[in-house]
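Asks: Mind looking over this structure? Questions follow.
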Amino acid sequence: MKHKRSPIRDHQAESSLFFRRAVVAFGGIFALVGILLFNLYNIQVEDHDDYITRSNDNRIKVVPVAPNRGLIYDRKGKLLAENRPVYALEITPEQVKDIPETIARLQDIMPISEREIASFERDKKRTRRFNAVALKNQLSEEEVAIFSANQHKFPGVEIKGYLKRYYPYGDALTHVMGYVAKINDKDIARLEREERISNYKATRDIGKLGIERFYEGELHGTAGYQEVEVNSRGRVIRTLKYVPPEPGKDLVLNLDIDLQLYIRGIMGDRRGAVVVLDPKDSSVLAMVSTPSYDPNLFVHGISGPDYRALLNDKNRPLVNRATLGIYPPASTVKPFIAVAALEEKVVTTNTTRNDPGYWRLPNSKTRPFRDWLAWGHGRVNLKQSIEESVDTFFYQIAYDMGIDRISSWMSRFGFGDYTGIDIHEESKANMPTREWKMARYRKPWYQGDTIPVGIGQGYWTATPIQLAKATTVLVNKGKVNPPHLLMRTINEGVQEQATFAPYPPIENVKDKYWSTALEGMRLVNHGKKGTARRAFANTPYITGGKSGTAQVFGLGEDEEYNADELAEHLRDHALYTGFAPFEDPVAVVSMVLENAGGGSSQGGPIARRIFDHILLDKDNEEKTQ
């Protein structure tokens, strides 16, 4: 078999092929290297700022720092709300593999209730996994020591210290101070709407009621922050920058805590409210509502059973009766109506009328409107009608004035509107008008509706703070100031006096008209037939006042009121408003005592004790100093 001869190799062609391939390969390499260098340039130079920012975001964390909440003092410098250190056991979900198992092991070394676990689970759901969530608050020193000894067994669990609000006077100030409590979803939504949420990133509590809520912006302060470097596991390596928070402002209130506690002691278990104002500027010296509750229960989270007990209590301890309690003002309004009637020329300072014990609409055979004294007071003038609280005299005034003029005048005294007090929890109550009745009942205003309004009954309702404000307007002869609790703020040692703009005054009323009403109030307490004369007998100072007895329900034509035969909650409310001393008043006291009976017999003695405490105890203190 013949073998085929192989052709001779063409070395030149092979070299040429190799060269072409090498050029292509090196061209590709250079191209790829060029692309690599181009990308490196973009990354290292063009996009440097972007990537360094991303790197720092992974390496550097900004941790907000909560500010210390401002303190609250009374007018004499006594601390009313303070911050106390407490310790909480916290779990960071991201750092714990099995949370239920961890909680079970924690229960072996300290008591953890089911309520605390349920609260932890709720908070965990609305908190980012890398943020710590409190499992147990208010740890005792023993619990802190026990956990510290076992902390190595619980990665992701730690004890943190916080400052928590504490109210040393408990229920005596709850309705004034309010309280702080845990921020909830509604608070977060509100803070977002107000664009303030960034200032609350590290804050756990917020003001809920009273002063704490109204002055939240001043008390909270401004959050700080710290930049920290962390490793890949999130552990802090070092602090790069620290910006301290600005603490909240301290508040000094007009309240006198000694007076507040004194009145709280007098009220005891009664349901009612007492407001004490300085008539010179309407600053609130005391504001007591009973019954009350301990605000410290809410600071750390009140239990369900405890809250339901307060909510279902028939005595309604959660209600601030001083600003939210709505009652017929009864005869306490007669001095205000007297001023309006004089200015409207419905009566004069010399007008006298006979009181037979009842009054009937002219040319009518309807049921008569009766006086509180069945046999009547005989012939009386305007001052005497205030002194003896003659209902029929004011029935006639109401008939002559009509509801339009009465409503207009009483609104100038502050009835039917907010008083301007610096807490949010307040009711306007109701100063009735024709329009109000039509909107409320779809019925027109009848002439018979006006008559009981003349003695503070019927559709007319008011709050104790409104009554106190109206009395200061009378004492100041038309000058109107809003009641206010704040005296001044303190920010880093710098004091700033609080200012409250006065309301439009009641102008063009003759001085003698004011004096007539005030003199009638003096006779109430010191006249021979004054309704409160027994309560103010033998006082070393002169006062003015007016009592009132508000009906809780209406009587039939032939029925008589007998408190002994009525259920306690159907008995009359006792009201009283007054001022002392008469010539240069330093205090206005207004109160309501629910279902207590007569205003003069029940309210008068309490007002006397308060005036004694303010005037006589103060004099004794000055003499001993």
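Each chain of the structure tokens is named A, B, ... in the order shown, its residues numbered from 1; ligands are numbered from 1 in display order.
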Tell me which protein, DNA and RNA residues are within 10 Å of A:Arg434, counting only C-alpha atoms, leaving out same-chain ones fewer than 6 positions away, and put them as a ChimeraX atom specification.
Replies: /A:403-404,407,440,443-446,449
Asks: Neighbouring residues of stretch 384-389 of chain A were defined as those with any atom within 8 Å, considering only C-alpha atoms; residues of the same chain fewer than 3 positions away were excluded. Please report them as JSON, numbers by chain.
Replies: {"A": [331, 334, 335, 377, 380, 381, 393, 517, 520, 521, 522, 523, 524, 525, 527, 529, 530, 531, 546]}
Asks: With a distance cut-off of 12 Å and only C-alpha atoms, select the neighbouring residues of A:Tyr73, excluding the residue or stretch itself and same-chain residues fewer than 3 positions from it, and output the selection as a PyMOL selection string.
Replies: chain A and resi 70+76-82+167-169+173+177+211+249-257+485-490
Asks: In Å to one decimal, how far is atom CA of A:Asn312 from atom CA of A:Glu114?
Replies: 23.7 Å
Asks: Using atom CA of A:Pro245 and atom CA of A:Ile302 as the two end points, give the distance in Å to one decimal.
Replies: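 Atom-to-atom, atom CA of A:Pro245 and atom CA of A:Ile302 are spaced 29.0 Å apart.
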Asks: Do a neighbour search on stretch 191-201 of chain A at 7 Å with only C-alpha atoms, toss out local chain neighbours closer than 2 positions, and write the hits as a PyMOL selection string.
Replies: chain A and resi 64+187-189+203+222-223
Asks: Can those selected residues be exported to a file as a CSV table (one decimal), in the first residue's frame so that it contains all heavy atoms?
Replies:
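Writing done, so here's part-v2.csv:
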```csv
chain,number,residue,atom,x,y,z
A,64,PRO,N,-30.3,58.8,67.5
A,64,PRO,CA,-30.9,60.0,68.2
A,64,PRO,C,-30.8,59.9,69.7
A,64,PRO,O,-30.8,58.8,70.3
A,64,PRO,CB,-32.4,59.9,67.7
A,64,PRO,CG,-32.6,58.5,67.4
A,64,PRO,CD,-31.3,58.0,66.9
A,187,ASP,N,-50.5,59.5,68.4
A,187,ASP,CA,-49.5,60.5,68.7
A,187,ASP,C,-48.6,60.6,67.5
A,187,ASP,O,-48.2,61.7,67.1
A,187,ASP,CB,-48.7,60.2,70.0
A,187,ASP,CG,-49.6,60.3,71.2
A,187,ASP,OD1,-50.5,61.1,71.3
A,187,ASP,OD2,-49.4,59.4,72.1
A,188,ILE,N,-48.1,59.5,67.0
A,188,ILE,CA,-47.2,59.5,65.9
A,188,ILE,C,-47.8,60.1,64.6
A,188,ILE,O,-47.2,60.9,64.0
A,188,ILE,CB,-46.8,58.0,65.5
A,188,ILE,CG1,-45.9,57.5,66.7
A,188,ILE,CG2,-46.0,58.0,64.2
A,188,ILE,CD1,-45.6,56.0,66.6
A,189,ALA,N,-49.1,59.8,64.4
A,189,ALA,CA,-49.8,60.4,63.2
A,189,ALA,C,-49.9,61.9,63.4
A,189,ALA,O,-49.7,62.7,62.4
A,189,ALA,CB,-51.2,59.8,63.1
A,203,THR,N,-37.6,59.5,71.8
A,203,THR,CA,-38.5,59.8,72.9
A,203,THR,C,-39.6,58.7,73.0
A,203,THR,O,-40.2,58.3,72.0
A,203,THR,CB,-39.2,61.1,72.7
A,203,THR,OG1,-38.2,62.1,72.6
A,203,THR,CG2,-40.1,61.4,73.9
A,222,THR,N,-35.2,69.6,72.5
A,222,THR,CA,-34.8,69.2,71.2
A,222,THR,C,-33.9,68.0,71.2
A,222,THR,O,-32.9,68.0,72.0
A,222,THR,CB,-34.1,70.4,70.5
A,222,THR,OG1,-34.9,71.6,70.5
A,222,THR,CG2,-33.7,70.1,69.1
A,223,ALA,N,-34.1,67.0,70.4
A,223,ALA,CA,-33.3,65.8,70.4
A,223,ALA,C,-31.9,66.1,69.9
A,223,ALA,O,-31.7,66.9,69.0
A,223,ALA,CB,-34.0,64.7,69.6
```
Asks: Show which residues sit within 8 Å of A:Tyr242, as a list of chain:residue names. Count only C-alpha atoms, and ignore same-chain residues fewer than 4 positions away.
Replies: A:Gly224, A:Tyr225, A:Gln226, A:Glu227
Asks: Please identify all polymer residues within 9 Å of A:Tyr179, counting only C-alpha atoms, omitting same-chain residues fewer than 3 positions from it, and present them as a PDB file with all heavy atoms, in the first residue's frame.
Replies:
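Ended up saving to selection.pdb:
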```
ATOM      1  N   ARG A 165     -41.128  60.326  84.224  1.00  0.00           N
ATOM      2  CA  ARG A 165     -41.854  61.345  84.959  1.00  0.00           C
ATOM      3  C   ARG A 165     -42.385  60.776  86.265  1.00  0.00           C
ATOM      4  O   ARG A 165     -42.832  59.620  86.340  1.00  0.00           O
ATOM      5  CB  ARG A 165     -43.019  61.825  84.109  1.00  0.00           C
ATOM      6  CG  ARG A 165     -43.468  63.251  84.337  1.00  0.00           C
ATOM      7  CD  ARG A 165     -42.399  64.251  84.229  1.00  0.00           C
ATOM      8  NE  ARG A 165     -42.877  65.563  83.783  1.00  0.00           N
ATOM      9  CZ  ARG A 165     -42.073  66.553  83.605  1.00  0.00           C
ATOM     10  NH1 ARG A 165     -40.769  66.416  83.843  1.00  0.00           N
ATOM     11  NH2 ARG A 165     -42.530  67.717  83.177  1.00  0.00           N
ATOM     12  N   TYR A 166     -42.365  61.629  87.294  1.00  0.00           N
ATOM     13  CA  TYR A 166     -42.953  61.240  88.582  1.00  0.00           C
ATOM     14  C   TYR A 166     -43.670  62.448  89.163  1.00  0.00           C
ATOM     15  O   TYR A 166     -43.150  63.571  89.140  1.00  0.00           O
ATOM     16  CB  TYR A 166     -41.875  60.753  89.552  1.00  0.00           C
ATOM     17  CG  TYR A 166     -42.440  60.387  90.915  1.00  0.00           C
ATOM     18  CD1 TYR A 166     -43.195  59.236  91.076  1.00  0.00           C
ATOM     19  CD2 TYR A 166     -42.240  61.209  92.018  1.00  0.00           C
ATOM     20  CE1 TYR A 166     -43.745  58.907  92.298  1.00  0.00           C
ATOM     21  CE2 TYR A 166     -42.776  60.886  93.250  1.00  0.00           C
ATOM     22  CZ  TYR A 166     -43.530  59.728  93.390  1.00  0.00           C
ATOM     23  OH  TYR A 166     -44.063  59.413  94.602  1.00  0.00           O
ATOM     24  N   TYR A 167     -44.874  62.202  89.676  1.00  0.00           N
ATOM     25  CA  TYR A 167     -45.701  63.263  90.246  1.00  0.00           C
ATOM     26  C   TYR A 167     -45.810  63.050  91.757  1.00  0.00           C
ATOM     27  O   TYR A 167     -46.590  62.193  92.210  1.00  0.00           O
ATOM     28  CB  TYR A 167     -47.083  63.265  89.592  1.00  0.00           C
ATOM     29  CG  TYR A 167     -47.002  63.410  88.088  1.00  0.00           C
ATOM     30  CD1 TYR A 167     -47.087  62.290  87.262  1.00  0.00           C
ATOM     31  CD2 TYR A 167     -46.796  64.651  87.498  1.00  0.00           C
ATOM     32  CE1 TYR A 167     -46.992  62.415  85.880  1.00  0.00           C
ATOM     33  CE2 TYR A 167     -46.701  64.786  86.122  1.00  0.00           C
ATOM     34  CZ  TYR A 167     -46.800  63.659  85.315  1.00  0.00           C
ATOM     35  OH  TYR A 167     -46.700  63.784  83.953  1.00  0.00           O
ATOM     36  N   THR A 174     -53.723  65.903  89.477  1.00  0.00           N
ATOM     37  CA  THR A 174     -53.856  65.175  88.210  1.00  0.00           C
ATOM     38  C   THR A 174     -54.567  65.973  87.141  1.00  0.00           C
ATOM     39  O   THR A 174     -54.104  66.062  85.996  1.00  0.00           O
ATOM     40  CB  THR A 174     -54.610  63.852  88.438  1.00  0.00           C
ATOM     41  OG1 THR A 174     -53.912  63.082  89.412  1.00  0.00           O
ATOM     42  CG2 THR A 174     -54.716  63.073  87.142  1.00  0.00           C
ATOM     43  N   HIS A 175     -55.698  66.582  87.479  1.00  0.00           N
ATOM     44  CA  HIS A 175     -56.499  67.257  86.464  1.00  0.00           C
ATOM     45  C   HIS A 175     -55.885  68.572  86.012  1.00  0.00           C
ATOM     46  O   HIS A 175     -56.304  69.119  84.982  1.00  0.00           O
ATOM     47  CB  HIS A 175     -57.913  67.490  86.993  1.00  0.00           C
ATOM     48  CG  HIS A 175     -58.668  66.219  87.207  1.00  0.00           C
ATOM     49  ND1 HIS A 175     -58.987  65.744  88.460  1.00  0.00           N
ATOM     50  CD2 HIS A 175     -59.138  65.296  86.330  1.00  0.00           C
ATOM     51  CE1 HIS A 175     -59.637  64.606  88.338  1.00  0.00           C
ATOM     52  NE2 HIS A 175     -59.743  64.308  87.066  1.00  0.00           N
ATOM     53  N   ILE A 206     -44.981  61.110  75.866  1.00  0.00           N
ATOM     54  CA  ILE A 206     -45.468  62.413  75.400  1.00  0.00           C
ATOM     55  C   ILE A 206     -46.590  62.851  76.329  1.00  0.00           C
ATOM     56  O   ILE A 206     -47.274  62.020  76.933  1.00  0.00           O
ATOM     57  CB  ILE A 206     -45.966  62.308  73.940  1.00  0.00           C
ATOM     58  CG1 ILE A 206     -46.155  63.688  73.323  1.00  0.00           C
ATOM     59  CG2 ILE A 206     -47.239  61.484  73.847  1.00  0.00           C
ATOM     60  CD1 ILE A 206     -46.411  63.660  71.832  1.00  0.00           C
ATOM     61  N   GLY A 207     -46.772  64.166  76.458  1.00  0.00           N
ATOM     62  CA  GLY A 207     -47.829  64.685  77.326  1.00  0.00           C
ATOM     63  C   GLY A 207     -49.200  64.310  76.799  1.00  0.00           C
ATOM     64  O   GLY A 207     -49.488  64.466  75.608  1.00  0.00           O
ATOM     65  N   LYS A 208     -50.053  63.823  77.686  1.00  0.00           N
ATOM     66  CA  LYS A 208     -51.375  63.344  77.281  1.00  0.00           C
ATOM     67  C   LYS A 208     -52.505  64.270  77.715  1.00  0.00           C
ATOM     68  O   LYS A 208     -53.511  64.394  77.018  1.00  0.00           O
ATOM     69  CB  LYS A 208     -51.624  61.955  77.879  1.00  0.00           C
ATOM     70  CG  LYS A 208     -50.661  60.882  77.393  1.00  0.00           C
ATOM     71  CD  LYS A 208     -50.917  60.498  75.956  1.00  0.00           C
ATOM     72  CE  LYS A 208     -50.058  59.316  75.540  1.00  0.00           C
ATOM     73  NZ  LYS A 208     -50.346  58.858  74.180  1.00  0.00           N
ATOM     74  N   LEU A 209     -52.387  64.888  78.879  1.00  0.00           N
ATOM     75  CA  LEU A 209     -53.463  65.737  79.403  1.00  0.00           C
ATOM     76  C   LEU A 209     -52.855  66.945  80.106  1.00  0.00           C
ATOM     77  O   LEU A 209     -51.662  66.985  80.405  1.00  0.00           O
ATOM     78  CB  LEU A 209     -54.336  64.963  80.401  1.00  0.00           C
ATOM     79  CG  LEU A 209     -55.196  63.804  79.884  1.00  0.00           C
ATOM     80  CD1 LEU A 209     -55.836  63.080  81.063  1.00  0.00           C
ATOM     81  CD2 LEU A 209     -56.277  64.300  78.939  1.00  0.00           C
ATOM     82  N   GLY A 210     -53.716  67.920  80.391  1.00  0.00           N
ATOM     83  CA  GLY A 210     -53.342  69.021  81.264  1.00  0.00           C
ATOM     84  C   GLY A 210     -52.151  69.832  80.773  1.00  0.00           C
ATOM     85  O   GLY A 210     -51.907  69.997  79.572  1.00  0.00           O
ATOM     86  N   ILE A 211     -51.396  70.339  81.732  1.00  0.00           N
ATOM     87  CA  ILE A 211     -50.208  71.136  81.451  1.00  0.00           C
ATOM     88  C   ILE A 211     -49.206  70.342  80.616  1.00  0.00           C
ATOM     89  O   ILE A 211     -48.570  70.868  79.698  1.00  0.00           O
ATOM     90  CB  ILE A 211     -49.558  71.608  82.767  1.00  0.00           C
ATOM     91  CG1 ILE A 211     -50.395  72.722  83.407  1.00  0.00           C
ATOM     92  CG2 ILE A 211     -48.132  72.087  82.540  1.00  0.00           C
ATOM     93  CD1 ILE A 211     -50.354  74.035  82.675  1.00  0.00           C
ATOM     94  N   GLU A 212     -49.057  69.070  80.918  1.00  0.00           N
ATOM     95  CA  GLU A 212     -48.094  68.232  80.201  1.00  0.00           C
ATOM     96  C   GLU A 212     -48.403  68.199  78.703  1.00  0.00           C
ATOM     97  O   GLU A 212     -47.492  68.185  77.874  1.00  0.00           O
ATOM     98  CB  GLU A 212     -48.101  66.810  80.765  1.00  0.00           C
ATOM     99  CG  GLU A 212     -47.578  66.672  82.178  1.00  0.00           C
ATOM    100  CD  GLU A 212     -46.051  66.633  82.235  1.00  0.00           C
ATOM    101  OE1 GLU A 212     -45.404  67.111  81.292  1.00  0.00           O
ATOM    102  OE2 GLU A 212     -45.529  66.129  83.243  1.00  0.00           O
ATOM    103  N   ARG A 213     -49.652  68.197  78.349  1.00  0.00           N
ATOM    104  CA  ARG A 213     -50.024  68.171  76.934  1.00  0.00           C
ATOM    105  C   ARG A 213     -49.996  69.571  76.325  1.00  0.00           C
ATOM    106  O   ARG A 213     -49.474  69.769  75.227  1.00  0.00           O
ATOM    107  CB  ARG A 213     -51.422  67.570  76.777  1.00  0.00           C
ATOM    108  CG  ARG A 213     -51.882  67.510  75.321  1.00  0.00           C
ATOM    109  CD  ARG A 213     -53.320  67.041  75.211  1.00  0.00           C
ATOM    110  NE  ARG A 213     -53.802  67.142  73.843  1.00  0.00           N
ATOM    111  CZ  ARG A 213     -55.091  67.114  73.500  1.00  0.00           C
ATOM    112  NH1 ARG A 213     -56.012  66.992  74.449  1.00  0.00           N
ATOM    113  NH2 ARG A 213     -55.461  67.218  72.250  1.00  0.00           N
ATOM    114  N   PRO A 295     -51.820  59.934  88.714  1.00  0.00           N
ATOM    115  CA  PRO A 295     -51.311  59.967  87.337  1.00  0.00           C
ATOM    116  C   PRO A 295     -50.111  59.064  87.123  1.00  0.00           C
ATOM    117  O   PRO A 295     -49.810  58.694  85.980  1.00  0.00           O
ATOM    118  CB  PRO A 295     -50.928  61.439  87.144  1.00  0.00           C
ATOM    119  CG  PRO A 295     -50.604  61.926  88.522  1.00  0.00           C
ATOM    120  CD  PRO A 295     -51.544  61.193  89.426  1.00  0.00           C
ATOM    121  N   ASN A 296     -49.403  58.697  88.203  1.00  0.00           N
ATOM    122  CA  ASN A 296     -48.230  57.838  88.056  1.00  0.00           C
ATOM    123  C   ASN A 296     -48.590  56.460  87.508  1.00  0.00           C
ATOM    124  O   ASN A 296     -47.733  55.762  86.959  1.00  0.00           O
ATOM    125  CB  ASN A 296     -47.511  57.698  89.404  1.00  0.00           C
ATOM    126  CG  ASN A 296     -46.925  59.019  89.868  1.00  0.00           C
ATOM    127  OD1 ASN A 296     -46.091  59.616  89.186  1.00  0.00           O
ATOM    128  ND2 ASN A 296     -47.379  59.503  91.015  1.00  0.00           N
ATOM    129  N   PHE A 298     -50.343  55.933  84.929  1.00  0.00           N
ATOM    130  CA  PHE A 298     -50.314  55.991  83.471  1.00  0.00           C
ATOM    131  C   PHE A 298     -48.907  56.141  82.920  1.00  0.00           C
ATOM    132  O   PHE A 298     -48.672  55.845  81.749  1.00  0.00           O
ATOM    133  CB  PHE A 298     -51.172  57.160  82.974  1.00  0.00           C
ATOM    134  CG  PHE A 298     -52.650  56.913  83.110  1.00  0.00           C
ATOM    135  CD1 PHE A 298     -53.304  57.143  84.313  1.00  0.00           C
ATOM    136  CD2 PHE A 298     -53.391  56.455  82.038  1.00  0.00           C
ATOM    137  CE1 PHE A 298     -54.664  56.922  84.436  1.00  0.00           C
ATOM    138  CE2 PHE A 298     -54.750  56.230  82.149  1.00  0.00           C
ATOM    139  CZ  PHE A 298     -55.386  56.457  83.356  1.00  0.00           C
ATOM    140  N   VAL A 299     -47.982  56.635  83.718  1.00  0.00           N
ATOM    141  CA  VAL A 299     -46.633  56.913  83.227  1.00  0.00           C
ATOM    142  C   VAL A 299     -45.963  55.639  82.731  1.00  0.00           C
ATOM    143  O   VAL A 299     -45.303  55.630  81.680  1.00  0.00           O
ATOM    144  CB  VAL A 299     -45.787  57.589  84.321  1.00  0.00           C
ATOM    145  CG1 VAL A 299     -44.342  57.742  83.862  1.00  0.00           C
ATOM    146  CG2 VAL A 299     -46.370  58.946  84.679  1.00  0.00           C
TER     147      VAL A 299
END
```
Asks: Identify, on the basis of only C-alpha atoms, every residue whose closest approach to A:Ile406 does not exceed 8 Å; exclude the query and any residue fewer than 5 positions from it along the same chain; express the result as a tab-separated table (two decimals) with C-alpha atoms, in the first residue's frame.
Replies:
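The new file result.tsv reads:
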```tsv
chain	number	residue	atom	x	y	z
A	337	ILE	CA	-77.82	89.59	85.15
A	340	ALA	CA	-77.02	93.68	82.31
A	398	ALA	CA	-85.67	87.70	82.29
A	401	MET	CA	-84.95	91.45	78.76
```
Asks: Choose the residue, out of A:Pro540, A:Gly456, A:Pro368, A:Pro279, that has the smallest atom-to-atom separation from A:Val589; count only C-alpha atoms.
Replies: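 Under the stated criterion, the closest residue is A:Pro279.
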Asks: From a backbone DSSP assignment, name each residue in stretch 98-181 of chain A labelled alpha helix (DSSP H), as a PDB file with C-alpha atoms, in the first residue's frame.
Replies:
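Full text of states_17.pdb as output:
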```pdb
ATOM      1  CA  ILE A  99     -37.462  35.426  71.222  1.00  0.00           C
ATOM      2  CA  PRO A 100     -40.098  33.173  72.901  1.00  0.00           C
ATOM      3  CA  GLU A 101     -37.377  30.838  74.140  1.00  0.00           C
ATOM      4  CA  THR A 102     -35.329  33.809  75.395  1.00  0.00           C
ATOM      5  CA  ILE A 103     -38.337  35.231  77.288  1.00  0.00           C
ATOM      6  CA  ALA A 104     -39.001  31.826  78.830  1.00  0.00           C
ATOM      7  CA  ARG A 105     -35.413  31.649  80.107  1.00  0.00           C
ATOM      8  CA  LEU A 106     -35.664  35.214  81.424  1.00  0.00           C
ATOM      9  CA  GLN A 107     -38.755  34.204  83.399  1.00  0.00           C
ATOM     10  CA  GLU A 114     -48.273  37.880  80.622  1.00  0.00           C
ATOM     11  CA  ARG A 115     -49.377  41.522  80.382  1.00  0.00           C
ATOM     12  CA  GLU A 116     -45.755  42.604  79.982  1.00  0.00           C
ATOM     13  CA  ILE A 117     -45.191  39.991  77.293  1.00  0.00           C
ATOM     14  CA  ALA A 118     -48.341  41.063  75.434  1.00  0.00           C
ATOM     15  CA  SER A 119     -47.236  44.700  75.605  1.00  0.00           C
ATOM     16  CA  PHE A 120     -43.797  43.720  74.289  1.00  0.00           C
ATOM     17  CA  GLU A 121     -45.343  41.870  71.343  1.00  0.00           C
ATOM     18  CA  ARG A 122     -47.513  44.880  70.454  1.00  0.00           C
ATOM     19  CA  ASP A 123     -44.558  47.268  70.558  1.00  0.00           C
ATOM     20  CA  LYS A 124     -42.358  44.860  68.601  1.00  0.00           C
ATOM     21  CA  LYS A 125     -44.802  44.816  65.688  1.00  0.00           C
ATOM     22  CA  GLU A 141     -32.293  46.929  92.195  1.00  0.00           C
ATOM     23  CA  GLU A 142     -32.392  43.192  92.925  1.00  0.00           C
ATOM     24  CA  GLU A 143     -33.660  42.414  89.402  1.00  0.00           C
ATOM     25  CA  VAL A 144     -30.952  44.617  87.885  1.00  0.00           C
ATOM     26  CA  ALA A 145     -28.306  42.759  89.885  1.00  0.00           C
ATOM     27  CA  ILE A 146     -29.679  39.317  88.964  1.00  0.00           C
ATOM     28  CA  PHE A 147     -29.754  40.055  85.255  1.00  0.00           C
ATOM     29  CA  SER A 148     -26.313  41.674  85.286  1.00  0.00           C
ATOM     30  CA  ALA A 149     -24.898  38.446  86.700  1.00  0.00           C
ATOM     31  CA  ASN A 150     -26.572  36.428  83.906  1.00  0.00           C
ATOM     32  CA  THR A 174     -53.856  65.175  88.210  1.00  0.00           C
ATOM     33  CA  HIS A 175     -56.499  67.257  86.464  1.00  0.00           C
ATOM     34  CA  VAL A 176     -54.178  70.260  86.315  1.00  0.00           C
ATOM     35  CA  MET A 177     -50.872  68.593  85.497  1.00  0.00           C
TER      36      MET A 177
END
```
Asks: Report the distance between atom CA of A:Thr463 and atom CA of A:Tyr327 in Å, rounded to one decimal place.
Replies: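 According to the coordinates, atom CA of A:Thr463 and atom CA of A:Tyr327 are separated by 6.3 Å.
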